[in-house]
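Source file: coords_3.txt (compact mmCIF, C-alpha atoms and all ligand atoms)
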```txt
# COMPACT_ATOMS: atom_id res chain seq x y z
CA MET A 1 -66.81 -24.27 9.36
CA ASP A 2 -64.59 -21.25 8.81
CA CYS A 3 -60.93 -22.15 8.48
CA SER A 4 -57.72 -20.45 7.52
CA SER A 5 -54.18 -21.75 7.19
CA SER A 6 -50.84 -20.47 8.42
CA LEU A 7 -48.10 -18.72 6.45
CA ILE A 8 -44.57 -19.82 7.28
CA GLU A 9 -41.20 -18.64 6.08
CA ILE A 10 -38.76 -21.17 4.68
CA PHE A 11 -35.02 -20.75 4.53
CA ASP A 12 -32.56 -22.04 1.99
CA ILE A 13 -29.01 -21.18 0.97
CA PHE A 14 -30.31 -20.07 -2.44
CA PHE A 15 -32.55 -17.41 -0.93
CA SER A 16 -30.01 -14.65 -0.34
CA ASP A 17 -31.80 -11.34 -0.95
CA MET A 18 -35.12 -13.14 -1.13
CA ARG A 19 -37.89 -14.11 1.27
CA VAL A 20 -39.88 -17.23 0.55
CA PHE A 21 -43.06 -18.21 2.36
CA ILE A 22 -45.35 -21.20 2.15
CA LYS A 23 -49.09 -20.75 2.59
CA ARG A 24 -49.97 -24.01 4.34
CA ASP A 25 -53.32 -24.60 2.69
CA ASP A 26 -52.53 -28.29 2.94
CA LEU A 27 -53.54 -27.78 6.60
CA VAL A 28 -56.52 -25.50 6.03
CA HIS A 29 -59.19 -27.91 7.24
CA PRO A 30 -59.06 -30.76 9.76
CA TYR A 31 -60.19 -33.46 7.32
CA ILE A 32 -60.80 -32.04 3.83
CA ILE A 33 -57.46 -31.33 2.19
CA GLY A 34 -56.20 -28.11 0.77
CA ASN A 35 -57.69 -26.25 -2.12
CA LYS A 36 -60.38 -28.91 -2.50
CA TRP A 37 -61.87 -27.66 0.75
CA ARG A 38 -61.63 -24.05 -0.46
CA LYS A 39 -63.54 -25.10 -3.57
CA LEU A 40 -66.16 -27.12 -1.70
CA LYS A 41 -66.84 -24.57 1.04
CA TYR A 42 -69.50 -22.45 -0.68
CA ASN A 43 -70.80 -25.38 -2.70
CA LEU A 44 -71.54 -27.24 0.55
CA ALA A 45 -73.27 -24.17 1.98
CA TYR A 46 -75.37 -23.89 -1.17
CA ALA A 47 -76.27 -27.59 -1.06
CA LYS A 48 -77.33 -27.36 2.58
CA LYS A 49 -79.44 -24.29 1.99
CA ASN A 50 -81.19 -25.94 -0.95
CA ASN A 51 -81.88 -29.25 0.78
CA ILE A 52 -79.64 -31.19 -1.56
CA LYS A 53 -79.26 -34.83 -0.48
CA THR A 54 -76.68 -36.15 -2.91
CA LEU A 55 -73.45 -34.63 -4.20
CA ILE A 56 -72.24 -36.03 -7.52
CA SER A 57 -68.95 -35.42 -9.24
CA LYS A 58 -66.38 -37.02 -11.51
CA GLY A 59 -62.64 -37.55 -11.52
CA GLY A 60 -59.67 -39.80 -12.14
CA ALA A 61 -58.96 -42.86 -10.00
CA PHE A 62 -56.53 -40.93 -7.76
CA SER A 63 -58.50 -37.67 -7.68
CA ASN A 64 -57.99 -35.32 -4.74
CA HIS A 65 -61.39 -33.81 -5.49
CA ILE A 66 -63.18 -37.18 -5.30
CA HIS A 67 -61.39 -37.87 -2.01
CA ALA A 68 -62.45 -34.47 -0.64
CA LEU A 69 -66.03 -34.85 -1.80
CA ALA A 70 -66.37 -38.27 -0.17
CA THR A 71 -64.97 -36.85 3.07
CA ALA A 72 -67.27 -33.83 2.99
CA GLY A 73 -70.31 -35.99 2.33
CA HIS A 74 -69.47 -38.31 5.20
CA HIS A 75 -68.94 -35.51 7.71
CA GLU A 76 -71.66 -33.15 6.58
CA GLY A 77 -74.49 -35.58 5.93
CA PHE A 78 -74.68 -35.85 2.15
CA ASP A 79 -74.78 -38.99 0.05
CA THR A 80 -72.01 -38.90 -2.52
CA ILE A 81 -71.56 -40.41 -5.97
CA GLY A 82 -68.23 -40.47 -7.78
CA ILE A 83 -68.04 -41.10 -11.51
CA ILE A 84 -64.56 -42.42 -12.14
CA ARG A 85 -62.66 -42.34 -15.43
CA GLY A 86 -61.62 -45.70 -16.86
CA GLU A 87 -61.91 -49.33 -15.91
CA GLN A 88 -62.86 -50.45 -12.44
CA VAL A 89 -59.78 -50.44 -10.21
CA GLU A 90 -58.91 -50.46 -6.56
CA ASN A 91 -56.45 -48.06 -4.97
CA PRO A 92 -56.10 -46.23 -1.64
CA THR A 93 -58.07 -43.18 -2.89
CA LEU A 94 -61.05 -45.19 -4.08
CA ASP A 95 -60.94 -47.58 -1.10
CA TYR A 96 -61.14 -44.54 1.15
CA ALA A 97 -63.96 -42.95 -0.87
CA LYS A 98 -65.97 -46.18 -0.57
CA ALA A 99 -65.29 -46.33 3.17
CA MET A 100 -66.69 -42.78 3.40
CA GLY A 101 -69.88 -44.10 1.80
CA MET A 102 -69.32 -42.84 -1.73
CA GLN A 103 -70.95 -44.85 -4.49
CA LEU A 104 -68.57 -45.31 -7.41
CA TYR A 105 -69.38 -45.71 -11.10
CA PHE A 106 -66.64 -46.41 -13.62
CA VAL A 107 -67.10 -45.12 -17.16
CA ASP A 108 -64.83 -45.28 -20.17
CA ARG A 109 -62.83 -42.26 -21.19
CA SER A 110 -64.99 -41.09 -24.08
CA GLU A 111 -68.17 -41.31 -22.04
CA PHE A 112 -66.45 -39.68 -19.06
CA ARG A 113 -65.61 -36.60 -21.07
CA LEU A 114 -69.28 -36.06 -21.98
CA ILE A 115 -70.52 -35.93 -18.38
CA GLN A 116 -70.98 -32.26 -17.60
CA SER A 117 -74.37 -32.01 -15.87
CA LEU A 118 -77.00 -33.86 -13.84
CA GLU A 119 -78.82 -34.75 -17.08
CA ASP A 120 -75.68 -36.48 -18.34
CA VAL A 121 -75.42 -38.36 -15.05
CA GLN A 122 -79.06 -39.42 -15.30
CA ARG A 123 -78.37 -40.88 -18.74
CA LEU A 124 -76.02 -43.34 -17.00
CA GLY A 125 -79.05 -44.68 -15.12
CA ILE A 126 -78.13 -42.95 -11.84
CA ASP A 127 -80.92 -41.48 -9.70
CA VAL A 128 -80.37 -37.71 -9.57
CA ALA A 129 -83.35 -36.69 -7.39
CA ASP A 130 -82.29 -33.93 -4.92
CA ALA A 131 -78.76 -34.15 -6.29
CA TYR A 132 -76.18 -31.50 -7.11
CA PHE A 133 -73.47 -31.87 -9.73
CA LEU A 134 -69.94 -30.58 -9.29
CA PRO A 135 -67.59 -30.50 -12.29
CA GLU A 136 -64.26 -32.35 -12.44
CA GLY A 137 -61.79 -30.82 -9.99
CA GLY A 138 -64.71 -29.06 -8.28
CA THR A 139 -64.19 -25.82 -10.22
CA ASN A 140 -67.32 -23.68 -10.63
CA PRO A 141 -68.24 -20.08 -9.69
CA LEU A 142 -68.90 -21.01 -6.03
CA ALA A 143 -65.53 -22.78 -5.88
CA ILE A 144 -63.81 -19.62 -7.04
CA GLU A 145 -65.61 -17.70 -4.27
CA GLY A 146 -63.77 -20.01 -1.91
CA THR A 147 -60.36 -19.73 -3.54
CA ARG A 148 -60.72 -15.93 -3.49
CA GLU A 149 -60.22 -16.15 0.28
CA ILE A 150 -56.59 -17.34 0.05
CA TYR A 151 -54.94 -14.12 -1.10
CA PRO A 152 -56.50 -11.77 1.51
CA GLU A 153 -55.34 -14.22 4.21
CA VAL A 154 -51.79 -14.08 2.83
CA VAL A 155 -51.74 -10.27 2.89
CA THR A 156 -53.01 -10.16 6.48
CA GLN A 157 -50.50 -12.78 7.63
CA LEU A 158 -47.59 -11.20 5.80
CA GLY A 159 -48.59 -7.75 6.97
CA GLY A 160 -48.07 -6.55 3.42
CA ILE A 161 -48.29 -7.44 -0.24
CA PRO A 162 -46.03 -10.17 -1.64
CA ASP A 163 -44.25 -9.47 -4.92
CA PHE A 164 -45.07 -12.92 -6.27
CA CYS A 165 -47.61 -15.57 -5.49
CA CYS A 166 -46.95 -19.00 -6.99
CA VAL A 167 -49.61 -21.69 -7.34
CA ALA A 168 -50.08 -25.00 -9.14
CA ALA A 169 -52.96 -25.47 -11.56
CA GLY A 170 -55.06 -28.32 -12.88
CA THR A 171 -58.34 -26.69 -13.89
CA GLY A 172 -57.12 -23.23 -12.85
CA GLY A 173 -59.93 -22.62 -10.35
CA THR A 174 -57.53 -21.92 -7.52
CA ALA A 175 -55.40 -19.62 -9.67
CA ALA A 176 -58.53 -17.75 -10.83
CA GLY A 177 -59.47 -17.05 -7.20
CA LEU A 178 -56.01 -15.74 -6.36
CA ILE A 179 -55.82 -13.57 -9.48
CA SER A 180 -59.30 -12.08 -9.21
CA SER A 181 -59.04 -11.33 -5.49
CA SER A 182 -55.88 -9.28 -5.97
CA PHE A 183 -56.53 -7.39 -9.20
CA ASP A 184 -55.83 -4.05 -7.52
CA SER A 185 -52.58 -5.19 -5.87
CA PRO A 186 -49.10 -5.19 -7.42
CA CYS A 187 -48.65 -8.89 -6.63
CA GLN A 188 -47.86 -10.95 -9.72
CA HIS A 189 -49.22 -14.50 -9.83
CA ILE A 190 -47.18 -17.26 -11.44
CA VAL A 191 -49.39 -20.20 -12.30
CA PHE A 192 -47.51 -23.48 -12.75
CA SER A 193 -49.33 -25.93 -14.97
CA ALA A 194 -49.33 -29.55 -13.77
CA LEU A 195 -50.31 -30.54 -17.31
CA LYS A 196 -48.50 -30.41 -20.62
CA GLY A 197 -49.41 -27.59 -23.00
CA ASP A 198 -50.58 -24.05 -22.46
CA PHE A 199 -54.36 -24.51 -22.79
CA LEU A 200 -54.65 -23.28 -19.19
CA GLN A 201 -53.89 -19.80 -20.51
CA LYS A 202 -57.29 -19.82 -22.21
CA ASN A 203 -59.12 -21.79 -19.49
CA ILE A 204 -58.04 -19.44 -16.72
CA ALA A 205 -58.90 -16.38 -18.83
CA GLU A 206 -62.37 -17.87 -19.32
CA LEU A 207 -62.79 -18.53 -15.60
CA LEU A 208 -61.73 -14.93 -14.89
CA GLY A 209 -64.25 -13.57 -17.36
CA SER A 210 -62.30 -10.39 -17.99
CA THR A 211 -58.72 -9.38 -18.67
CA TYR A 212 -56.25 -9.33 -15.81
CA SER A 213 -52.62 -8.42 -16.23
CA ASN A 214 -51.46 -9.64 -12.81
CA TRP A 215 -50.63 -13.19 -13.80
CA GLN A 216 -48.65 -15.41 -16.11
CA LEU A 217 -48.73 -19.10 -16.90
CA ASN A 218 -45.57 -21.15 -16.57
CA ALA A 219 -45.85 -24.46 -18.43
CA ASP A 220 -42.18 -25.45 -18.11
CA TYR A 221 -42.40 -27.70 -15.05
CA HIS A 222 -45.00 -30.38 -15.85
CA PHE A 223 -42.27 -33.08 -16.10
CA GLY A 224 -43.80 -34.68 -19.17
CA GLY A 225 -47.46 -34.20 -18.32
CA TYR A 226 -50.09 -34.85 -15.69
CA ALA A 227 -48.85 -37.28 -13.01
CA LYS A 228 -45.57 -37.77 -14.90
CA PHE A 229 -42.32 -37.38 -12.99
CA ASP A 230 -38.60 -38.04 -13.07
CA VAL A 231 -35.86 -38.89 -10.58
CA ALA A 232 -34.84 -35.25 -10.20
CA MET A 233 -38.36 -34.34 -9.11
CA ILE A 234 -38.58 -37.17 -6.59
CA ASP A 235 -35.15 -36.26 -5.20
CA PHE A 236 -36.22 -32.64 -4.93
CA MET A 237 -39.38 -33.65 -3.06
CA ASN A 238 -37.54 -35.79 -0.55
CA ASP A 239 -34.87 -33.16 -0.08
CA PHE A 240 -37.51 -30.49 0.45
CA LYS A 241 -39.21 -32.62 3.07
CA GLN A 242 -35.97 -33.21 4.91
CA LYS A 243 -34.87 -29.58 4.83
CA HIS A 244 -38.17 -27.84 5.52
CA GLN A 245 -40.25 -30.55 7.23
CA ILE A 246 -42.99 -30.08 4.66
CA GLN A 247 -44.44 -32.93 2.64
CA LEU A 248 -45.23 -32.06 -0.97
CA ASP A 249 -47.42 -34.08 -3.32
CA PRO A 250 -46.01 -35.50 -6.56
CA ILE A 251 -48.79 -34.29 -8.88
CA TYR A 252 -48.94 -30.56 -8.17
CA THR A 253 -46.94 -29.03 -5.36
CA ALA A 254 -43.61 -30.79 -5.92
CA LYS A 255 -43.61 -29.53 -9.52
CA LEU A 256 -44.59 -26.06 -8.30
CA CYS A 257 -41.82 -25.85 -5.70
CA TYR A 258 -39.26 -27.35 -8.08
CA GLY A 259 -40.23 -24.67 -10.58
CA VAL A 260 -40.02 -21.82 -8.08
CA PHE A 261 -36.62 -22.97 -6.78
CA ASP A 262 -35.32 -23.37 -10.32
CA LEU A 263 -36.52 -19.88 -11.26
CA ILE A 264 -34.82 -18.49 -8.15
CA LYS A 265 -31.57 -20.12 -9.26
CA LYS A 266 -32.03 -18.64 -12.73
CA ASP A 267 -32.53 -15.12 -11.26
CA PHE A 268 -36.06 -14.88 -12.60
CA PHE A 269 -37.18 -13.03 -9.46
CA PRO A 270 -35.64 -9.60 -8.82
CA LYS A 271 -33.43 -9.28 -5.74
CA GLY A 272 -35.37 -8.38 -2.64
CA SER A 273 -38.54 -10.16 -3.78
CA THR A 274 -41.03 -11.66 -1.37
CA ILE A 275 -42.42 -14.86 -2.83
CA VAL A 276 -45.39 -16.81 -1.51
CA ILE A 277 -45.87 -20.41 -2.59
CA VAL A 278 -49.36 -21.81 -2.02
CA HIS A 279 -49.28 -25.40 -0.77
CA THR A 280 -52.62 -26.64 -2.10
CA GLY A 281 -52.44 -30.06 -0.41
CA GLY A 282 -52.94 -33.28 -2.36
CA LEU A 283 -51.21 -35.47 0.19
CA GLN A 284 -53.86 -38.18 0.03
CA GLY A 285 -52.50 -39.12 -3.39
CA ILE A 286 -49.10 -40.13 -2.05
CA ARG A 287 -50.03 -43.66 -0.96
CA GLY A 288 -51.53 -44.46 -4.33
CA PHE A 289 -48.52 -42.98 -6.13
CA GLU A 290 -46.13 -45.00 -3.99
CA SER A 291 -47.92 -48.28 -4.58
CA GLN A 292 -48.34 -47.58 -8.31
CA HIS A 293 -44.67 -46.74 -8.89
CA GLY A 294 -42.90 -48.58 -6.08
CA ILE A 295 -41.34 -45.34 -4.83
CA LEU A 296 -41.32 -44.04 -1.28
CA LEU A 297 -42.03 -40.35 -0.85
C1 LIG A 301 -56.65 -30.07 -7.47
C2 LIG A 301 -55.33 -29.58 -7.05
C3 LIG A 301 -54.70 -28.50 -7.70
C4 LIG A 301 -55.28 -27.85 -8.90
O1 LIG A 301 -56.31 -26.95 -8.56
P1 LIG A 301 -57.14 -26.26 -9.70
O2 LIG A 301 -58.03 -25.33 -8.97
O3 LIG A 301 -57.93 -27.34 -10.40
O4 LIG A 301 -56.22 -25.61 -10.64
C5 LIG A 301 -53.49 -28.06 -7.21
N1 LIG A 301 -52.90 -28.65 -6.16
C6 LIG A 301 -53.45 -29.69 -5.54
C7 LIG A 301 -52.72 -30.32 -4.42
C8 LIG A 301 -54.69 -30.19 -5.95
O5 LIG A 301 -55.23 -31.23 -5.31
```
Show me the file's structure as structure tokens.
Amino acid sequence: MDCSSSLIEIFDIFFSDMRVFIKRDDLVHPYIIGNKWRKLKYNLAYAKKNNIKTLISKGGAFSNHIHALATAGHHEGFDTIGIIRGEQVENPTLDYAKAMGMQLYFVDRSEFRLIQSLEDVQRLGIDVADAYFLPEGGTNPLAIEGTREIYPEVVTQLGGIPDFCCVAAGTGGTAAGLISSSFDSPCQHIVFSALKGDFLQKNIAELLGSTYSNWQLNADYHFGGYAKFDVAMIDFMNDFKQKHQIQLDPIYTAKLCYGVFDLIKKDFFPKGSTIVIVHTGGLQGIRGFESQHGILL
């Protein structure tokens, strides 16, 4: 299926002399959410062409990628296996994955880290005949082919080149697609890390394979680390939803938008800038987050 998502302008009292748009990639596909569909698109085509029967991947217990893979398998006729980090648990993400027919295996953290290929999966005693392995987060070269389609859509929809494109990053696969598909454009990409530390600087450079000067990492808005949060972030998210009628997710896009708004307030962006924020989805994680923390989003 070929899908694209809309670009909408949002308005806020802080945006004088500034235009801010949201690329609604949370709505890019009818049932596979956001950038996880972008990353699966060419992997699914490859698997079909090569008569793959089973798709195998790994992720955390609330993983958007595991959720997307289970959905894709169910709708497109693949068996799916999810290798989940940590002790056996139940939560809305994993309940859903099971309902989509995904087989789940729980492995401890040290073992989980070592699983990088079909051979590693086989060592767990899992049948890997006619199977295809996708890395954690779904990021591989075919995934980046998919995420390279976001930026050209933005330019067409905007009818011009944005000054800034802002995106959240976990593995950096989505950022790598944006950066590499716009190397000859003056758009500057600001990549907001959802994780503590600046190791994404190196990871994204590796995914890109050569030097690009059209991007920078911002590691100031992780709120303490992956899946960490504070009251200010939750308030921001709820306020954003009320003002703009757009639901953000607490792991990636709320931190991204908080960061962009904060940078606008701090005059980081020159007057007259056009800023595009990519909404990469992740909304499936909200129910699990709410039940885990007793917070309503
Ligand atoms: C997975 C995910 C990301 C991170 O994407 P990467 O390509 O791994 O950097 C960002 N936003 C959302 C909503 C996600 O689900």
>> As an exercise, work out the distance from atom O1 of ligand LIG 301 (chain A) to atom CA of Leu40 of chain A in Å and give it to one decimal place.
In response: 12.0 Å
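The spacing separating atom CA of Glu290 of chain A from atom CA of Gln88 of chain A amounts to 19.5 Å.
Residue nearest His67 of chain A within the list A:Pro250, A:Gly281, A:Gly294, A:Gly259: A:Gly281 [criterion: smallest interatomic distance, all atoms listed in the file].
If one restricts the calculation to all atoms listed in the file, the set of residues situated within 7 Å of ligand LIG 301 (chain A) consists of Gly34, Asn35, Lys36, Asn64, His65, Gly137, Thr139, Ala168, Ala169, Gly170, Thr171, Gly172, Gly173, Thr174, Ala175, Asp249, Tyr252, Thr253, Thr280, Gly281 and Gly282 of chain A.
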Export, as a short mmCIF file (atom, residue, chain, number, x, y, z; two decimals), in the coordinates of the input, the selected residues with C-alpha atoms.
```cif
data_model
loop_
_atom_site.label_atom_id
_atom_site.label_comp_id
_atom_site.auth_asym_id
_atom_site.auth_seq_id
_atom_site.Cartn_x
_atom_site.Cartn_y
_atom_site.Cartn_z
CA GLY A 34 -56.20 -28.11 0.77
CA ASN A 35 -57.69 -26.25 -2.12
CA LYS A 36 -60.38 -28.91 -2.50
CA ASN A 64 -57.99 -35.32 -4.74
CA HIS A 65 -61.39 -33.81 -5.49
CA GLY A 137 -61.79 -30.82 -9.99
CA THR A 139 -64.19 -25.82 -10.22
CA ALA A 168 -50.08 -25.00 -9.14
CA ALA A 169 -52.96 -25.47 -11.56
CA GLY A 170 -55.06 -28.32 -12.88
CA THR A 171 -58.34 -26.69 -13.89
CA GLY A 172 -57.12 -23.23 -12.85
CA GLY A 173 -59.93 -22.62 -10.35
CA THR A 174 -57.53 -21.92 -7.52
CA ALA A 175 -55.40 -19.62 -9.67
CA ASP A 249 -47.42 -34.08 -3.32
CA TYR A 252 -48.94 -30.56 -8.17
CA THR A 253 -46.94 -29.03 -5.36
CA THR A 280 -52.62 -26.64 -2.10
CA GLY A 281 -52.44 -30.06 -0.41
CA GLY A 282 -52.94 -33.28 -2.36
#
```
> Could you pull the residues within 8 Å of Gly224 of chain A, counting only C-alpha atoms, minus those fewer than 5 positions along the same chain, as a ChimeraX atom specification?
Replying inline: /A:195-196,229
